[in-house]
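Right, one structure below, let's go through it.
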Amino acid sequence: MSKKFFAVFIVLTVILCPLICGCSENEENDFSVTEETASIDYSKYEGVTLNVYNWGEYISDGSDGSVDINAEFTKLTGIKINYTNFTSNEDMYNKIVNGGVSYDIIIPSDYMIEKLIKEELVLELNFDNIPNYKYIAPEYKNLFFDPQNAYSVPYSVGMVGLIYNTAVVTEELDSWSALWDPKYDGEILMFNNPRDAFGIAQFLLKEEGNDINSLSEQDWINAKNKLSEQKPFVKAYVMDEIFNKMESGAAALAPYYAGDFFSMYENNPDLAFVYPKEGTNIFVDSVCIPASTKNKEAAELYINYLMDPNVALQNAYMICYASPNTAVVENEEYLEFLDELHPDAYDILYMDMSEYYGGIDVRGYYFRDLPDETLNTMNSLWNSLKIESTESSSTDFVYYFCAVVITFLLVMFIINKIKKYKREHV
Amino acid sequence: MKKNNTLAQRLLAAPHILWSVLFIVAPLAIVVFYAFTDSSFSFSFSNFSKLFNDGTVEVFTLSLAFAFCATCICLVVAYPLAYFISRTSRKTQNTLVMLSMLPMWMNFLLRTYALSFLLEDTGFLNNILASVGIDGVSLINTPGAVIFGMVYNFLPYMILPIHSVISKIDKNVIEAAEDLGCNRLRVIFRVIMPLSLPGIVSGITMVFVPSVSTFYISQQLGPTDFVLIGDVIETYFKSSAASSYHLGSAISLVLMVLIFICMAVMNHFSDDESTGGIIV
């Protein structure tokens with residue numbers, strides 16, 4: 001009887017769930033693209049499917065009442081979107097090279113695009129199909145990774161900064177060295193990816209000629225030693241876990257991307273943000289078409305759609321990173337939105353870095369593609385940083401425990417053998 | 001018994017063989033191939049010589065030690081529980097087995113992530129401890145938390161095989177032992193335990209193997225002063241350097257061999273007394 005009831009209950013839940021959820025999602029929105037984008041003839045591509053490969057939570061996807069950008073594209077053009085996520089440039093690269101999957105759109109960061117262009121894994125774009133390219137701010141065109149701006153269209157821009165909890169850190173911070181301060185032992189979080197973590201150490205060692213794109217092995221070793229000094233004070237090496245830890249106050253200092261600071265700030269208004277004086281990493285994520293594409297023209301239309309002022313605006317609301325799209329930055333509503341987000345939101349996102357850092361050339365603040373040799377050095381140094389134990393005592397008890405249990409088992413085994421032997425020889 | 005394997009029988013096995021070849025044998029061959037080649041795909045042992053020079057060996061022993069601890073604790077916790085479950089009526093047995101399976105209905109990564117919320121310094125458990133006056137206990141980012149995470153995640157894999165073996169033990173055997181004057185404790189130690197050895201062995205395997213190779217648990221719950229071998233493998237496979245896949249494969253291969261040796265040793269010891277002995 002109870003089983004039957006259970007089964008009925010499950011069936012009912014399964015049937016009702018989409019109905020209930022579905023109803024609330026059916027809100028009408030008044031989203032539309034500009035006339036220029038809408039007037040393009042898409043009929044040729046009806047029924048085509050585009051495989052889009054992007055960072056997680058890096059598009060307005062209909063959650064929290066936002067506009068579902070991909071669904072709107074399908075509505076407009078009849079082109080279906082198969083949207084998947086990656087978590088790091090390296091993951092994406094490995095998938096492109098080894099995965100045997102064909103993507104039509106990828107959105108990697110600067111240094112990875114440099115590598116992809118070098119290895120001829122991305123295609124030159126036909127900008128006749130991307131008229132909305134005109135909205136891209138000139139400072140984001142022809143960047144180092146794509147000097148002729150032939151392969152990529154900037155999608156989103158960001159910087160790394162220092163986030164700290166003013167409830168714990170009472171002084172005003174302005175330097176990465178705070179992450180090395182024994183005072184904050186156990187309150188510090190650090191990037192759990194080698195490039196970003198080494199980058200911070202290298203900015204700190206700038207005085208000694210170290211550089212985030214250094215090719216000298218010694219520089220990387222010095223940076224690693226710097227990170228080893230920091231390790232005893234680090235609570236954890238994290239990536240996305242940072243949100244929970246900073247919001248709940250479990251940790252007080254962490255380096256992270258400026259855009260993500262706002263979503264932490266929303267949940268913990270004690271948090272503050274600063275660009276450290278030593279310099280910081282700047283990155284541009286751009287849209288590219290990989291060489292394996294089967295629908296280059298349709299993919300270009302998708303890029304054009306992403307650059308549409310209205311679409312870019314929705315994405316800017318969602319992602320909270322700086323937008324390279326002039327139509328977004330000049331939009332009044334967007335500026336109001338930023339104001340509500342955080343009093344300094346505009347300054348943080350759209351900081352003029354070269355001015356902030358005293359008129360220096362900030363091109364050195366971008367990660368560049370490194371040769372394999374340097375990447376190998378970096379990886380093995382990163383591994384040895386993680387492996388080396390600062391105080392081995394913390395894991396000693398594990399070994400003691402094992403030793404005791406193994407001895408016990410051995411003794412039991414021998415006793416058993418002796419007993420058996422005796423039994424058989426009585 | 002019929003001697004000739006009929007065509008029908010062979011056809012029945014075909015899907016599984018195809019599956020194994022595609023998803024077990026072929027990937028394994030690729031791992032071996034990568035492990036024994038360098039970034040230009042020419043044969044070399046350089047991956048292994050590198051591996052023995054940079055402290056990876058210590059990580060191996062540490063990982064084995066952690067997995068060993070977790071397995072022991074799982075066994076000690078799971079055996080009495082499995083025994084208790086098998087003594088109840090058939091109906092309650094089903095409910096209890098389902099309850100012990102319940103955590104597995106949720107994804108393992110989510111469970112570990114949730115655990116890190118609970119153990120966090122500002123988390124649920126610490127708040128409770130603080131409210132009864134115990135302050136400043138650090139639960140998360142300790143080696144203990146890592147072992148706890150392993151036990152928590154893999155306990156069902158220990159309970160199930162032990163329970164299924166114990167519940168199949170012939171009641172007459174136990175009655176016979178009692179008739180011959182065994183007290184209850186002796187029945188457990190001299191009759192039930194030896195008979196349930198196959199379940200224990202497969203339980204140990206199912207807990208030990210995933211514990212050795214886990215990487216997410218130590219990242220979420222562990223401190224910064226050590227890593228487990230799974231983390232090292234993960235960093236290699238997450239890098240875009242050309243030789244990193246080869247190094248990662250070499251470590252995976254060594255890990256596989258080590259696990260195989262551990263299992264072989266254990267089987268050797270257990271074969272001694274078990275009636276059937278399970279092949280792993």
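Please note that chains go A, B, ... in the order of the structure tokens, that every chain numbers its residues from 1, and that ligands are numbered from 1 in the order shown.
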### Task
With a distance cut-off of 8 Å and only C-alpha atoms, select the neighbouring residues of Ile303 of chain A, excluding the residue or stretch itself and same-chain residues fewer than 5 positions from it, and output the selection as a PyMOL selection string.
chain A and resi 130+153+287
Which residues of chain A come within 8 Å of chain B, and for each one, what is the closest pair of atoms and their distance in Å to one decimal, counting only C-alpha atoms, sorted by chain and residue number, as JSON lines?
```
{"residue": "A:Glu90", "atom": "CA", "partner": "B:Ser240", "partner_atom": "CA", "distance": 5.1}
{"residue": "A:Asp91", "atom": "CA", "partner": "B:Lys238", "partner_atom": "CA", "distance": 5.9}
{"residue": "A:Tyr93", "atom": "CA", "partner": "B:Ser240", "partner_atom": "CA", "distance": 6.8}
{"residue": "A:Asn94", "atom": "CA", "partner": "B:Ser240", "partner_atom": "CA", "distance": 6.6}
{"residue": "A:Lys231", "atom": "CA", "partner": "B:Thr224", "partner_atom": "CA", "distance": 7.1}
{"residue": "A:Pro232", "atom": "CA", "partner": "B:Asp225", "partner_atom": "CA", "distance": 7.5}
{"residue": "A:Val234", "atom": "CA", "partner": "B:Thr224", "partner_atom": "CA", "distance": 6.9}
{"residue": "A:Lys235", "atom": "CA", "partner": "B:Thr224", "partner_atom": "CA", "distance": 6.7}
{"residue": "A:Ala236", "atom": "CA", "partner": "B:Thr224", "partner_atom": "CA", "distance": 5.7}
{"residue": "A:Tyr237", "atom": "CA", "partner": "B:Thr224", "partner_atom": "CA", "distance": 7.0}
{"residue": "A:Ser248", "atom": "CA", "partner": "B:Thr122", "partner_atom": "CA", "distance": 6.8}
{"residue": "A:Gly249", "atom": "CA", "partner": "B:Thr122", "partner_atom": "CA", "distance": 7.0}
{"residue": "A:Ala250", "atom": "CA", "partner": "B:Thr122", "partner_atom": "CA", "distance": 5.7}
{"residue": "A:Asp372", "atom": "CA", "partner": "B:Ala241", "partner_atom": "CA", "distance": 5.3}
{"residue": "A:Glu373", "atom": "CA", "partner": "B:Ala241", "partner_atom": "CA", "distance": 8.0}
{"residue": "A:Leu375", "atom": "CA", "partner": "B:Ala241", "partner_atom": "CA", "distance": 5.7}
{"residue": "A:Asn376", "atom": "CA", "partner": "B:Ala241", "partner_atom": "CA", "distance": 6.1}
{"residue": "A:Asn379", "atom": "CA", "partner": "B:Tyr236", "partner_atom": "CA", "distance": 7.5}
{"residue": "A:Asn383", "atom": "CA", "partner": "B:Val232", "partner_atom": "CA", "distance": 6.6}
{"residue": "A:Ser384", "atom": "CA", "partner": "B:Asp54", "partner_atom": "CA", "distance": 7.0}
{"residue": "A:Lys386", "atom": "CA", "partner": "B:Val227", "partner_atom": "CA", "distance": 6.2}
{"residue": "A:Ile387", "atom": "CA", "partner": "B:Phe226", "partner_atom": "CA", "distance": 5.6}
{"residue": "A:Glu388", "atom": "CA", "partner": "B:Phe226", "partner_atom": "CA", "distance": 6.9}
{"residue": "A:Ser389", "atom": "CA", "partner": "B:Asp225", "partner_atom": "CA", "distance": 4.8}
{"residue": "A:Thr390", "atom": "CA", "partner": "B:Asp225", "partner_atom": "CA", "distance": 5.8}
{"residue": "A:Glu391", "atom": "CA", "partner": "B:Asp225", "partner_atom": "CA", "distance": 7.1}
{"residue": "A:Ser392", "atom": "CA", "partner": "B:Asp225", "partner_atom": "CA", "distance": 7.8}
{"residue": "A:Ser394", "atom": "CA", "partner": "B:Pro143", "partner_atom": "CA", "distance": 7.0}
{"residue": "A:Thr395", "atom": "CA", "partner": "B:Pro143", "partner_atom": "CA", "distance": 6.3}
{"residue": "A:Val398", "atom": "CA", "partner": "B:Ala65", "partner_atom": "CA", "distance": 6.4}
{"residue": "A:Tyr399", "atom": "CA", "partner": "B:Ala65", "partner_atom": "CA", "distance": 6.2}
{"residue": "A:Phe401", "atom": "CA", "partner": "B:Cys69", "partner_atom": "CA", "distance": 7.0}
{"residue": "A:Cys402", "atom": "CA", "partner": "B:Ala65", "partner_atom": "CA", "distance": 6.3}
```
## Note on the structure
Pairwise distance, atom CA of Tyr365 of chain A with atom CA of Thr280 of chain A, equals 6.2 Å
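In this model, the gap between atom CA of Phe73 of chain A and atom CA of Pro309 of chain A comes to 14.0 Å.
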### Query
With only C-alpha atoms as the atoms that count, which of A:Asp270, A:Glu300, A:Asp196, A:Glu72 lies nearest to Tyr257 of chain A?
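Of all the options, A:Asp196 lies closest to Tyr257 of chain A.
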### Message
According to DSSP computed on the backbone, where in segment 50-183 of chain B is there alpha helix (DSSP H)? Give the residues as JSON, numbers by chain.
### Response
{"B": [50, 51, 56, 57, 58, 59, 60, 61, 62, 63, 64, 65, 66, 67, 68, 69, 70, 71, 72, 73, 74, 75, 76, 77, 78, 79, 80, 81, 82, 83, 84, 85, 86, 87, 90, 91, 92, 93, 94, 95, 96, 97, 98, 99, 100, 101, 108, 109, 110, 111, 112, 113, 114, 115, 116, 117, 118, 119, 124, 125, 126, 127, 128, 129, 130, 131, 143, 144, 145, 146, 147, 148, 149, 150, 151, 152, 153, 154, 155, 156, 157, 158, 159, 160, 161, 162, 163, 164, 165, 166, 171, 172, 173, 174, 175, 176, 177, 178, 179]}
### Among listed residues B:Val25, B:Ile259, B:Val31, B:Leu155, nearest Ile73 of chain B (using only C-alpha atoms)
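Closest to Ile73 of chain B of all the choices is B:Leu155.
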### Task
Please measure the separation of atom CA of Val254 of chain B and atom CA of Asn98 of chain A, giving the value in Å to one decimal.
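Computed distance, atom CA of Val254 of chain B to atom CA of Asn98 of chain A, equals 23.0 Å.
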### Message
Among segment 4-237 of chain A, which ones does DSSP assign to strand (DSSP E) (computed from the backbone)? Answer as a PyMOL selection string.
### Response
chain A and resi 49-55+80-86+105-106+153-165+188-191+234-237
### Query
Excluding same-chain residues fewer than 5 positions from Leu129 of chain B, what lies within 12 Å of it counting only C-alpha atoms, as a PyMOL selection string?
chain B and resi 118-119+121-124+134-139
Could the residues in this selection be written to a file with C-alpha atoms, as an mmCIF file, in the first residue's frame?
```
data_model
loop_
_atom_site.group_PDB
_atom_site.id
_atom_site.type_symbol
_atom_site.label_atom_id
_atom_site.label_comp_id
_atom_site.auth_asym_id
_atom_site.auth_seq_id
_atom_site.Cartn_x
_atom_site.Cartn_y
_atom_site.Cartn_z
ATOM 1 C CA LEU B 118 28.916 22.590 7.390
ATOM 2 C CA LEU B 119 32.512 22.342 8.540
ATOM 3 C CA ASP B 121 34.766 28.125 10.521
ATOM 4 C CA THR B 122 31.608 30.199 10.330
ATOM 5 C CA GLY B 123 29.502 27.176 9.430
ATOM 6 C CA PHE B 124 26.758 25.178 11.052
ATOM 7 C CA ILE B 134 33.456 25.426 22.721
ATOM 8 C CA ASP B 135 35.161 28.101 20.694
ATOM 9 C CA GLY B 136 37.836 28.321 18.071
ATOM 10 C CA VAL B 137 37.791 24.720 16.897
ATOM 11 C CA SER B 138 38.963 24.559 13.307
ATOM 12 C CA LEU B 139 37.158 21.717 11.597
#
```
### Query
What lies within 10 Å of Trp382 of chain A using only C-alpha atoms, ignoring chain neighbours under 6 positions off, as an NGL selection string?
(:A and (192-195 or 197-198 or 220-221 or 224 or 227-228 or 376)) or (:B and (232 or 235))
Write the residues of the selection above to a file with N, CA and C atoms, as a compact mmCIF listing (two decimals), in the first residue's frame.
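Output file result-v3.txt is given in full below:
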```txt
# COMPACT_ATOMS: atom_id res chain seq x y z
N ASN A 192 43.66 29.16 -7.10
CA ASN A 192 44.07 27.78 -7.29
C ASN A 192 44.34 27.50 -8.77
N ASN A 193 44.98 28.44 -9.44
CA ASN A 193 45.51 28.11 -10.76
C ASN A 193 46.86 28.79 -10.90
N PRO A 194 47.82 28.06 -11.49
CA PRO A 194 49.20 28.53 -11.44
C PRO A 194 49.40 29.91 -12.05
N ARG A 195 48.78 30.19 -13.19
CA ARG A 195 49.08 31.44 -13.89
C ARG A 195 48.71 32.65 -13.03
N ALA A 197 48.14 32.76 -9.73
CA ALA A 197 48.87 32.78 -8.46
C ALA A 197 50.30 33.28 -8.67
N PHE A 198 50.98 32.73 -9.68
CA PHE A 198 52.33 33.19 -9.98
C PHE A 198 52.32 34.66 -10.35
N TRP A 220 60.78 32.46 -12.50
CA TRP A 220 59.66 31.62 -12.05
C TRP A 220 60.01 30.94 -10.73
N ILE A 221 61.29 30.55 -10.59
CA ILE A 221 61.70 29.94 -9.33
C ILE A 221 61.58 30.94 -8.20
N LYS A 224 58.06 31.29 -7.28
CA LYS A 224 57.61 30.13 -6.52
C LYS A 224 58.06 30.23 -5.06
N LEU A 227 55.83 32.41 -3.28
CA LEU A 227 54.57 31.73 -2.94
C LEU A 227 54.76 30.75 -1.78
N SER A 228 55.95 30.14 -1.71
CA SER A 228 56.22 29.23 -0.59
C SER A 228 56.21 29.99 0.73
N ASN A 376 55.90 24.32 -18.75
CA ASN A 376 56.29 23.13 -17.99
C ASN A 376 56.95 23.51 -16.69
N VAL B 232 47.46 16.15 -7.92
CA VAL B 232 48.62 16.30 -8.79
C VAL B 232 48.25 15.91 -10.22
N THR B 235 46.16 18.66 -11.83
CA THR B 235 46.88 19.84 -12.33
C THR B 235 47.55 19.54 -13.66
```
### Query
Which one of A:Ile96, A:Ile117, A:Ala312, A:Ile69 sits closest to Tyr53 of chain A if you count only C-alpha atoms?
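Comparing A:Ile96, A:Ile117, A:Ala312, A:Ile69 against Tyr53 of chain A, the winner is A:Ile96.
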### Message
With only C-alpha atoms as the counted atoms, please give the residues lying no more than 9 Å from Leu341 of chain A, apart from itself and same-chain residues fewer than 3 positions off, as a ChimeraX atom specification.
### Response
/A:262-263,265-266,336-338,344-345
### Task
May I ask which of the residues A:Asp30, A:Glu332, A:Glu114, A:Glu297 is the closest one to Ile79 of chain A, counting only C-alpha atoms?
A:Glu297
### Task
Excluding Ser249 of chain B and residues on its chain fewer than 6 positions from it, collect all residues at most 10 Å away from it, counting only C-alpha atoms, and give them as a PyMOL selection string.
chain B and resi 28+30-37+47-48+233+236-237+255
### Message
Env of segment 136-144 of chain A: 7 Å cut, atoms = only C-alpha atoms, seq-sep filter 3 positions within chain, self excluded. Answer as a list in words.
### Response
Tyr133, Pro147, Gln148, Asn149, Pro154, Pro324, Asn325 and Thr326 of chain A
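Here the question is which of B:Ser63, B:Asn183, B:Thr6, B:Asn172 gets nearest to Ser218 of chain B using only C-alpha atoms, and that residue is B:Ser63.
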